[in-house]
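J.: Below is the file run.cif, with mmCIF, C-alpha atoms.
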```
data_input
loop_
_atom_site.label_atom_id
_atom_site.label_comp_id
_atom_site.auth_asym_id
_atom_site.auth_seq_id
_atom_site.Cartn_x
_atom_site.Cartn_y
_atom_site.Cartn_z
CA MET A 7 14.07 37.06 -45.31
CA GLU A 8 16.02 38.93 -48.00
CA ALA A 9 12.86 40.73 -49.10
CA GLY A 10 13.75 43.46 -46.63
CA TRP A 11 16.96 44.65 -48.19
CA VAL A 12 17.21 47.73 -50.30
CA ALA A 13 20.13 47.20 -52.64
CA GLY A 14 22.50 49.92 -53.66
CA ALA A 15 25.51 51.67 -52.23
CA GLY A 16 25.23 54.55 -49.84
CA GLY A 17 21.55 54.16 -49.28
CA ASP A 18 20.91 57.78 -48.45
CA SER A 19 19.09 58.40 -51.70
CA VAL A 20 16.87 55.33 -51.47
CA ARG A 21 13.98 55.94 -49.11
CA VAL A 22 11.32 53.33 -49.53
CA PRO A 23 9.53 51.33 -46.87
CA ILE A 24 10.64 47.73 -46.89
CA ALA A 25 8.79 44.64 -46.07
CA LYS A 26 10.36 43.38 -42.87
CA ASP A 27 11.01 46.71 -41.29
CA PRO A 28 9.94 47.31 -37.69
CA ALA A 29 8.92 50.74 -38.91
CA LEU A 30 5.80 49.56 -40.60
CA PRO A 31 2.45 50.25 -38.96
CA VAL A 32 1.77 47.97 -36.04
CA HIS A 33 -1.03 46.09 -37.77
CA GLN A 34 1.42 44.91 -40.42
CA LEU A 35 3.85 43.47 -37.94
CA THR A 36 4.06 39.71 -37.84
CA HIS A 37 5.67 37.39 -35.37
CA ASP A 38 8.89 37.43 -37.41
CA ASP A 39 9.26 41.13 -36.78
CA ASP A 40 10.42 40.20 -33.30
CA VAL A 41 13.72 39.10 -34.83
CA PRO A 42 16.12 42.04 -35.28
CA PRO A 43 17.22 42.68 -38.89
CA GLY A 44 20.20 40.48 -39.73
CA TRP A 45 19.69 38.17 -36.75
CA ARG A 46 18.71 34.52 -36.76
CA VAL A 47 16.96 34.50 -33.42
CA ASN A 48 15.32 37.14 -31.30
CA PRO A 49 17.67 37.72 -28.34
CA ALA A 50 14.75 39.09 -26.31
CA ALA A 51 12.67 35.91 -26.70
CA TRP A 52 11.89 34.10 -23.47
CA PRO A 53 13.92 30.98 -24.30
CA GLN A 54 16.91 33.34 -24.50
CA ARG A 55 16.12 35.33 -21.36
CA LEU A 56 14.72 32.77 -18.94
CA PRO A 57 18.05 30.92 -18.47
CA ILE A 58 19.73 34.22 -17.55
CA ILE A 59 16.96 35.05 -15.10
CA GLY A 60 17.27 31.55 -13.65
CA LEU A 61 21.02 31.96 -13.18
CA ALA A 62 20.45 35.32 -11.49
CA VAL A 63 17.95 33.78 -9.09
CA ILE A 64 20.39 30.96 -8.21
CA GLY A 65 23.14 33.54 -7.75
CA ALA A 66 20.89 35.60 -5.50
CA GLY A 67 20.20 32.50 -3.42
CA ILE A 68 23.90 31.68 -2.99
CA ALA A 69 24.80 35.28 -2.20
CA THR A 70 21.97 35.55 0.32
CA TYR A 71 23.16 32.40 2.07
CA LEU A 72 26.74 33.74 2.25
CA ALA A 73 25.47 37.10 3.54
CA LEU A 74 23.44 35.35 6.24
CA TYR A 75 26.67 33.65 7.36
CA GLN A 76 28.55 36.94 7.31
CA TYR A 77 25.95 38.56 9.55
CA GLY A 78 25.83 35.61 11.93
CA VAL A 79 22.33 34.44 11.13
CA VAL A 80 23.80 31.11 9.98
CA SER A 81 26.64 29.85 12.17
CA THR A 82 28.51 27.65 9.69
CA VAL A 83 29.09 27.83 5.95
CA TRP A 84 29.17 24.94 3.48
CA GLU A 85 32.75 24.32 2.32
CA PRO A 86 33.56 20.90 0.81
CA PHE A 87 37.00 21.60 -0.69
CA PHE A 88 39.04 24.33 0.96
CA GLY A 89 38.71 23.63 4.70
CA GLU A 90 38.74 26.96 6.49
CA GLY A 91 38.79 28.77 3.15
CA SER A 92 35.20 29.99 3.08
CA ARG A 93 35.33 31.15 6.70
CA ARG A 94 38.57 33.08 6.17
CA VAL A 95 37.39 34.70 2.95
CA LEU A 96 33.88 35.56 4.11
CA THR A 97 35.01 37.10 7.41
CA SER A 98 37.94 38.99 5.86
CA ASP A 99 38.39 42.74 6.06
CA LEU A 100 37.87 42.98 2.32
CA SER A 101 34.38 41.50 2.64
CA PHE A 102 33.39 44.37 4.92
CA VAL A 103 35.26 47.21 3.25
CA LEU A 104 31.89 48.73 2.31
CA PRO A 105 29.04 49.51 4.74
CA VAL A 106 27.28 46.39 3.44
CA SER A 107 29.08 43.06 3.10
CA ASP A 108 30.19 41.93 -0.34
CA ALA A 109 27.80 38.97 -0.39
CA ALA A 110 24.85 41.21 0.51
CA LEU A 111 25.79 43.55 -2.33
CA GLY A 112 26.06 40.53 -4.60
CA ALA A 113 22.58 39.38 -3.64
CA VAL A 114 21.15 42.81 -4.47
CA SER A 115 23.02 42.84 -7.80
CA TYR A 116 21.69 39.41 -8.74
CA LEU A 117 18.17 40.55 -7.94
CA ALA A 118 18.70 43.61 -10.14
CA ASP A 119 19.82 41.28 -12.94
CA ALA A 120 16.74 39.10 -12.54
CA VAL A 121 14.34 42.07 -12.45
CA THR A 122 15.85 43.95 -15.40
CA GLY A 123 16.06 40.66 -17.28
CA ALA A 124 12.35 40.03 -16.76
CA ILE A 125 10.93 43.49 -17.51
CA GLY A 126 9.50 43.97 -20.99
CA GLY A 127 8.14 41.79 -23.75
CA THR A 128 9.90 39.91 -26.50
CA ARG A 129 10.26 43.06 -28.63
CA ARG A 130 11.93 45.06 -25.90
CA TRP A 131 15.16 45.43 -27.89
CA ARG A 132 13.25 48.02 -29.96
CA THR A 133 10.28 48.97 -27.78
CA MET A 134 12.36 49.78 -24.67
CA PRO A 135 16.11 49.70 -25.45
CA TRP A 136 16.82 51.54 -22.19
CA ILE A 137 15.85 48.57 -20.01
CA VAL A 138 18.05 46.30 -22.14
CA VAL A 139 20.99 48.64 -21.62
CA VAL A 140 20.31 48.84 -17.88
CA PHE A 141 20.20 45.04 -17.87
CA GLY A 142 23.57 44.90 -19.62
CA ILE A 143 25.07 47.39 -17.18
CA ALA A 144 23.73 45.35 -14.26
CA VAL A 145 25.17 42.08 -15.61
CA GLY A 146 28.56 43.31 -16.83
CA PRO A 147 30.07 44.98 -13.74
CA LEU A 148 28.77 42.22 -11.48
CA GLY A 149 30.87 39.77 -13.43
CA ALA A 150 33.91 42.07 -13.32
CA ILE A 151 33.67 42.51 -9.55
CA SER A 152 33.31 38.75 -9.13
CA ILE A 153 36.60 38.22 -10.96
CA LEU A 154 38.35 40.77 -8.75
CA LEU A 155 37.08 39.00 -5.64
CA VAL A 156 38.25 35.63 -6.99
CA ILE A 157 41.69 37.12 -7.59
CA ALA A 158 41.78 38.70 -4.13
CA GLN A 159 40.84 35.53 -2.24
CA PRO A 160 44.10 33.56 -2.67
CA LEU A 161 46.40 36.57 -3.00
CA LEU A 162 45.32 38.23 0.25
CA TYR A 163 44.05 35.31 2.33
CA ASP A 164 45.75 32.30 0.72
CA SER A 165 42.46 30.46 0.42
CA PHE A 166 39.49 29.91 -1.84
CA CYS A 167 35.77 29.79 -1.04
CA THR A 168 33.71 27.23 -2.97
CA LEU A 169 30.40 29.09 -3.05
CA CYS A 170 32.18 32.37 -3.86
CA LEU A 171 33.74 30.66 -6.89
CA ALA A 172 30.34 29.24 -7.86
CA SER A 173 28.85 32.72 -7.63
CA ALA A 174 31.63 34.10 -9.83
CA VAL A 175 31.03 31.41 -12.46
CA ILE A 176 27.31 32.20 -12.46
CA SER A 177 27.86 35.93 -12.86
CA LEU A 178 30.28 35.30 -15.75
CA ALA A 179 27.89 32.84 -17.40
CA MET A 180 25.25 35.57 -17.64
CA ILE A 181 27.45 38.04 -19.54
CA GLY A 182 27.52 36.44 -23.00
CA PRO A 183 23.80 35.60 -23.17
CA ALA A 184 22.92 39.10 -21.93
CA MET A 185 25.16 40.99 -24.37
CA ASP A 186 23.39 39.77 -27.51
CA GLU A 187 20.26 41.60 -26.48
CA VAL A 188 22.27 44.72 -25.66
CA LEU A 189 23.80 44.66 -29.14
CA ALA A 190 20.38 44.30 -30.78
CA ALA A 191 19.04 47.27 -28.78
CA LEU A 192 22.03 49.48 -29.62
CA GLN A 193 21.78 48.51 -33.29
CA HIS A 194 18.12 49.53 -33.25
CA VAL A 195 19.04 52.96 -31.88
CA ARG A 196 21.71 53.37 -34.55
CA ARG A 197 19.28 52.26 -37.26
CA VAL A 198 16.74 54.86 -36.23
CA GLN A 199 19.51 57.46 -36.18
CA ARG A 200 20.69 56.46 -39.64
CA ALA A 201 17.14 56.82 -40.96
CA GLY A 202 17.09 60.39 -39.69
CA GLY A 203 15.33 59.78 -36.39
CA SER A 204 16.35 60.76 -32.89
CA ALA A 205 18.65 58.30 -31.16
CA TRP A 206 17.52 59.70 -27.80
CA ASP A 207 13.86 59.02 -28.53
CA ALA A 208 14.70 55.60 -29.91
CA PHE A 209 16.62 54.79 -26.71
CA TRP A 210 13.48 55.46 -24.67
CA GLY A 211 11.32 53.52 -27.13
CA ARG A 212 9.46 56.55 -28.43
CA GLU A 213 10.53 56.45 -32.06
CA SER A 214 10.59 52.80 -32.95
CA ILE A 215 7.85 53.06 -35.54
CA GLU A 216 7.83 56.63 -36.82
CA ALA A 217 11.50 57.08 -37.66
CA PHE A 218 11.40 54.22 -40.10
CA GLY A 219 8.35 55.17 -42.05
CA ALA A 220 9.39 56.53 -45.43
CA GLY A 221 9.88 60.22 -44.80
CA ARG A 222 7.64 60.28 -41.76
CA GLY A 223 9.02 61.49 -38.49
CA SER A 224 12.53 62.13 -39.77
CA SER A 225 13.00 65.29 -37.79
CA MET B 241 25.88 25.30 -34.21
CA THR B 242 29.48 26.12 -34.67
CA LYS B 243 32.24 24.70 -32.53
CA GLY B 244 33.97 28.03 -32.11
CA TRP B 245 33.44 28.03 -28.35
CA ILE B 246 35.68 24.99 -27.77
CA PRO B 247 39.09 26.73 -28.11
CA GLN B 248 38.01 29.47 -25.70
CA ALA B 249 36.62 26.96 -23.21
CA ALA B 250 39.96 25.15 -23.40
CA ALA B 251 41.77 28.45 -22.77
CA SER B 252 39.52 28.92 -19.76
CA LEU B 253 40.60 25.53 -18.42
CA ALA B 254 44.25 26.61 -18.72
CA GLY B 255 43.36 29.49 -16.39
CA VAL B 256 41.68 27.11 -13.95
CA TRP B 257 44.81 24.96 -14.00
CA LEU B 258 46.94 27.98 -13.10
CA MET B 259 44.65 28.73 -10.15
CA ALA B 260 45.21 25.20 -8.85
CA ALA B 261 48.89 24.94 -9.80
CA PRO B 262 50.46 26.43 -6.63
CA ALA B 263 48.72 23.79 -4.51
CA VAL B 264 49.22 20.93 -6.98
CA LEU B 265 52.87 21.66 -7.82
CA GLY B 266 53.71 22.83 -4.30
CA HIS B 267 55.10 26.29 -4.98
CA SER B 268 52.75 28.22 -2.67
CA GLY B 269 54.39 31.26 -1.15
CA THR B 270 56.60 32.01 -4.15
CA ALA B 271 56.31 34.78 -6.72
CA ALA B 272 55.21 32.07 -9.12
CA ALA B 273 52.18 31.35 -6.93
CA ASP B 274 51.17 35.03 -6.85
CA SER B 275 51.55 35.23 -10.62
CA ASP B 276 49.51 32.06 -11.17
CA ARG B 277 46.75 33.24 -8.87
CA LEU B 278 46.61 36.66 -10.52
CA VAL B 279 46.54 35.72 -14.20
CA GLY B 280 44.79 32.35 -13.71
CA PRO B 281 41.36 33.78 -12.83
CA LEU B 282 41.71 36.46 -15.52
CA ILE B 283 42.45 33.86 -18.20
CA ALA B 284 39.67 31.59 -16.95
CA ALA B 285 37.16 34.44 -16.98
CA VAL B 286 38.14 35.77 -20.41
CA GLY B 287 38.01 32.30 -21.98
CA PHE B 288 34.67 31.56 -20.32
CA VAL B 289 33.02 34.78 -21.48
CA ALA B 290 34.64 34.57 -24.95
CA ALA B 291 33.10 31.12 -25.40
CA SER B 292 29.85 32.98 -26.16
CA GLU B 293 29.99 33.99 -29.80
CA ILE B 294 28.58 37.45 -29.13
CA THR B 295 31.52 38.28 -26.82
CA ARG B 296 34.09 36.19 -28.72
CA SER B 297 36.24 39.24 -29.45
CA LEU B 298 37.19 39.47 -25.78
CA ARG B 299 39.43 36.44 -26.43
CA TRP B 300 42.21 38.78 -27.53
CA LEU B 301 42.61 39.85 -23.89
CA ASN B 302 44.22 36.45 -23.35
CA LEU B 303 47.12 37.28 -25.70
CA PRO B 304 48.87 39.67 -23.28
CA ALA B 305 48.25 37.10 -20.56
CA ALA B 306 49.95 34.46 -22.72
CA VAL B 307 52.93 36.74 -23.25
CA TRP B 308 53.15 37.28 -19.50
CA LEU B 309 53.06 33.52 -18.86
CA ILE B 310 56.02 33.04 -21.20
CA VAL B 311 58.04 36.01 -19.93
CA ALA B 312 57.37 35.86 -16.19
CA PRO B 313 59.31 32.64 -15.40
CA TRP B 314 62.51 34.27 -16.71
CA VAL B 315 61.90 37.69 -15.18
CA LEU B 316 60.78 36.56 -11.72
CA GLY B 317 62.78 33.32 -11.50
CA PHE B 318 60.12 30.64 -11.02
CA PRO B 319 60.74 27.14 -9.60
CA LEU B 320 61.21 24.64 -12.44
CA ALA B 321 57.77 22.99 -12.24
CA ALA B 322 56.02 26.35 -12.10
CA ALA B 323 58.08 27.63 -15.03
CA VAL B 324 57.20 24.61 -17.17
CA SER B 325 53.54 24.99 -16.20
CA ASN B 326 53.57 28.66 -17.17
CA LEU B 327 55.36 28.10 -20.47
CA MET B 328 52.98 25.30 -21.49
CA ALA B 329 49.90 27.30 -20.53
CA GLY B 330 51.27 30.33 -22.39
CA ALA B 331 51.97 28.32 -25.53
CA ALA B 332 48.50 26.78 -25.36
CA LEU B 333 46.93 30.23 -25.05
CA LEU B 334 48.92 31.57 -28.02
CA ALA B 335 47.60 28.69 -30.11
CA LEU B 336 44.00 28.75 -28.85
CA THR B 337 43.22 32.47 -28.65
CA PRO B 338 42.91 33.26 -32.39
CA LEU B 339 40.67 30.24 -33.08
CA GLY B 340 36.93 30.44 -33.72
CA PRO B 341 36.36 34.02 -34.93
CA PRO B 342 32.74 35.19 -34.56
CA ASP B 343 30.38 35.23 -37.53
CA PRO B 344 29.02 38.82 -37.72
CA THR B 345 26.29 37.82 -40.15
CA ARG B 346 24.53 36.17 -37.21
CA PHE B 347 24.20 39.38 -35.26
CA GLY B 348 23.03 42.02 -37.72
CA GLY B 349 26.59 43.12 -38.47
CA GLY B 350 28.07 42.56 -35.00
CA TRP B 351 29.48 45.17 -32.63
CA SER B 352 31.38 46.99 -35.36
CA SER B 353 28.03 47.89 -36.95
CA LEU B 354 27.56 50.36 -34.09
CA TRP B 355 30.27 52.63 -35.50
CA ASP B 356 30.35 51.42 -39.11
CA GLU B 357 26.97 52.15 -40.70
CA GLN B 358 27.79 50.10 -43.78
CA ARG B 359 27.71 46.96 -41.64
CA LEU B 360 24.43 47.77 -39.93
CA ALA B 361 21.70 45.45 -41.15
CA GLY B 362 18.13 46.39 -41.88
CA GLY B 363 16.43 49.68 -42.49
CA TYR B 364 18.06 51.65 -45.27
CA GLY B 365 21.52 51.03 -46.60
CA VAL B 366 23.71 48.23 -47.75
CA PRO B 367 22.75 44.72 -46.69
CA PRO B 368 25.30 42.60 -44.85
CA PRO B 369 26.85 39.61 -46.65
CA ILE B 370 24.30 36.97 -47.68
CA ASP B 371 23.92 34.37 -44.99
CA GLU B 372 24.65 31.02 -46.67
CA ASP B 373 23.10 28.89 -43.96
CA ARG B 374 19.64 30.24 -44.22
#
```
In structure tokens, what does this structure look like?
T.:
Amino acid sequence: MEAGWVAGAGGDSVRVPIAKDPALPVHQLTHDDDVPPGWRVNPAAWPQRLPIIGLAVIGAGIATYLALYQYGVVSTVWEPFFGEGSRRVLTSDLSFVLPVSDAALGAVSYLADAVTGAIGGTRRWRTMPWIVVVFGIAVGPLGAISILLVIAQPLLYDSFCTLCLASAVISLAMIGPAMDEVLAALQHVRRVQRAGGSAWDAFWGRESIEAFGAGRGSS
Amino acid sequence: MTKGWIPQAAASLAGVWLMAAPAVLGHSGTAAADSDRLVGPLIAAVGFVAASEITRSLRWLNLPAAVWLIVAPWVLGFPLAAAVSNLMAGAALLALTPLGPPDPTRFGGGWSSLWDEQRLAGGYGVPPPIDEDR
């Protein structure tokens, strides 16, 4: 693994291609090149991403069920712990403060998480950083909004809603596992920039190879 | 695998306790209940997300919450049980929050590598500290 490092301070004067660099021609890439430099696992590998996608699908299912109740398609809602809590929360003014109910928005957000989590191969942290960043943006705010709704439930309506809490836990559980991939993608963009390449092109996956080649493409 | 997630998961449970406290201790309708139900979910969420090593640094958000838990009973005049609950949860958070710092050598230099090039692994430049485990 350490074969890839170029020793020496500063680094700006040392410009040699190194063994484990994603900049090397495609035919020299091996399976290990999927792992970002300095990482132990590839955060874009399917064992890392499938659990997040699974959580998003479960979340979408819960949110869809709650939305169906809010729009009267389902007449009762499952609530094992808080009595009238789910009914009071789900039919509250806050739930309908937007043109679409909060659960319907949640269902759409979860679907966006699942789709952006699934797009791209296991090297997408460097072949398409933009989708990884979109994925992170889709996962992060969903979790934040879930917390706000959990806070609002008891403060405004003096009740909790079991499935709403479950949905909040799911959206929070996705954040950590999603952020590692975001970090790897952003590090890739910075690495290309440091090597003299264009961060903009790297973000759109256009300079993943060229910017790293010794001297080549450093415009 | 490191055990660094355990302190943050425990901090998260303190937040869950605060969410339940007004009903369990019977101080619903007081300022203490509003305080518990406001900071409880925040603490629970921060601890839960900070249990992931990649987002471990978010744990520091629980420090101001801990300070609030310790100050609020005196400022707002909580019932005794609620005050004790708040003080114990606050003390627990103060103790738990700093535990389990993330290991940046696992993540190519960590988040700080995004603004500190010297920490950024790979490509050209200075390698990060040697990873002893590998």
J.: So what does the PyMOL selection byres ((chain B) within 9 of (chain A)) actually pick up in this one, as an MDAnalysis selection string?
T.: chainID B and resid 259 268:269 273:274 277:282 285 288:296 345:351 353:355 357:358 360:368 370:371 374
J.: I need the residue set behind the PyMOL selection byres ((chain B and resi 287) around 10) for this file; please write it as number ranges by chain.
T.: B: 245-255, 281-286, 288-292, 296, 298-302, 333, 336-337
J.: Between atom CA of Arg94 of chain A and atom CA of Ala263 of chain B, measure the distance and give it in Å to one decimal.
T.: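 Straight-line distance from atom CA of Arg94 of chain A to atom CA of Ala263 of chain B works out to 17.4 Å.
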J.: Work out how far atom CA of Ser165 of chain A is from atom CA of Val264 of chain B, in Å to one decimal.
T.: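 Going from atom CA of Val264 of chain B over to atom CA of Ser165 of chain A, I get 13.8 Å.
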J.: Quote the spacing between atom CA of Ala62 of chain A and atom CA of Cys170 of chain A in Å to one decimal place.
T.: 14.3 Å
J.: Which neighbours of Gly112 of chain A fall inside 8 Å, counting all atoms listed in the file, when residues of the same chain fewer than 6 positions from it are skipped, and could you give them as a PDB file with C-alpha atoms, in the coordinates of the input?
T.:
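Output below, filename selection.pdb:
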```pdb
ATOM      1  CA  ALA A  66      20.890  35.600  -5.500  1.00  0.00           C
ATOM      2  CA  ALA A  69      24.800  35.280  -2.200  1.00  0.00           C
ATOM      3  CA  LEU A 148      28.770  42.220 -11.480  1.00  0.00           C
TER       4      LEU A 148
END
```
J.: Which residues match the PyMOL selection byres ((chain A and resi 61) around 9) in the file above, as a VMD selection string?
T.: chain A and resid 56 to 60 62 to 66 116 120 176 to 177 179 to 180
J.: Pick the closest to Gly340 of chain B from B:Thr242, B:Ser325, B:Thr270, B:Ser352: which is it, counting only C-alpha atoms?
T.: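 Nearest candidate to Gly340 of chain B out of B:Thr242, B:Ser325, B:Thr270, B:Ser352: B:Thr242.
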J.: Skip Ala73 of chain A itself and residues of its chain fewer than 5 positions away, then list as a ChimeraX atom specification all residues within 8 Å of it, counting all atoms listed in the file.
T.: /A:107-110
J.: So which one's closest to Val95 of chain A, A:Thr168, A:Gln199, A:Thr122, A:Thr133? Using all atoms listed in the file, please.
T.: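 The shortest atom-to-atom distance to Val95 of chain A comes from A:Thr168.
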J.: Extract, using only C-alpha atoms, all DNA, RNA and protein residues at most 9 Å from Tyr71 of chain A, discarding same-chain residues fewer than 4 positions from it, and format them as JSON, numbers by chain.
T.: {"A": [66, 67, 75, 76, 80, 83, 109]}
J.: Could you list, as a ChimeraX atom specification, every residue within 10 Å of segment 309-322 of chain B, counting all atoms listed in the file and ignoring same-chain residues fewer than 2 positions away?
T.: /B:258,261-262,265-267,270-273,275-276,279-280,303-307,324-331,333-334
J.: Extract, using all atoms listed in the file, all DNA, RNA and protein residues at most 7 Å from Ala50 of chain A, discarding same-chain residues fewer than 5 positions from it, and format them as a ChimeraX atom specification.
T.: /A:55,128-131,187
J.: Padding 3 Å on every side, please: axis-aligned box over the listed atoms of segment 300-312 of chain B, centre and edge lengths to one decimal in Å, as AutoDock Vina command-line options.
T.:
```
--center_x 50.1 --center_y 36.4 --center_z -21.9 --size_x 21.8 --size_y 12.8 --size_z 17.3
```
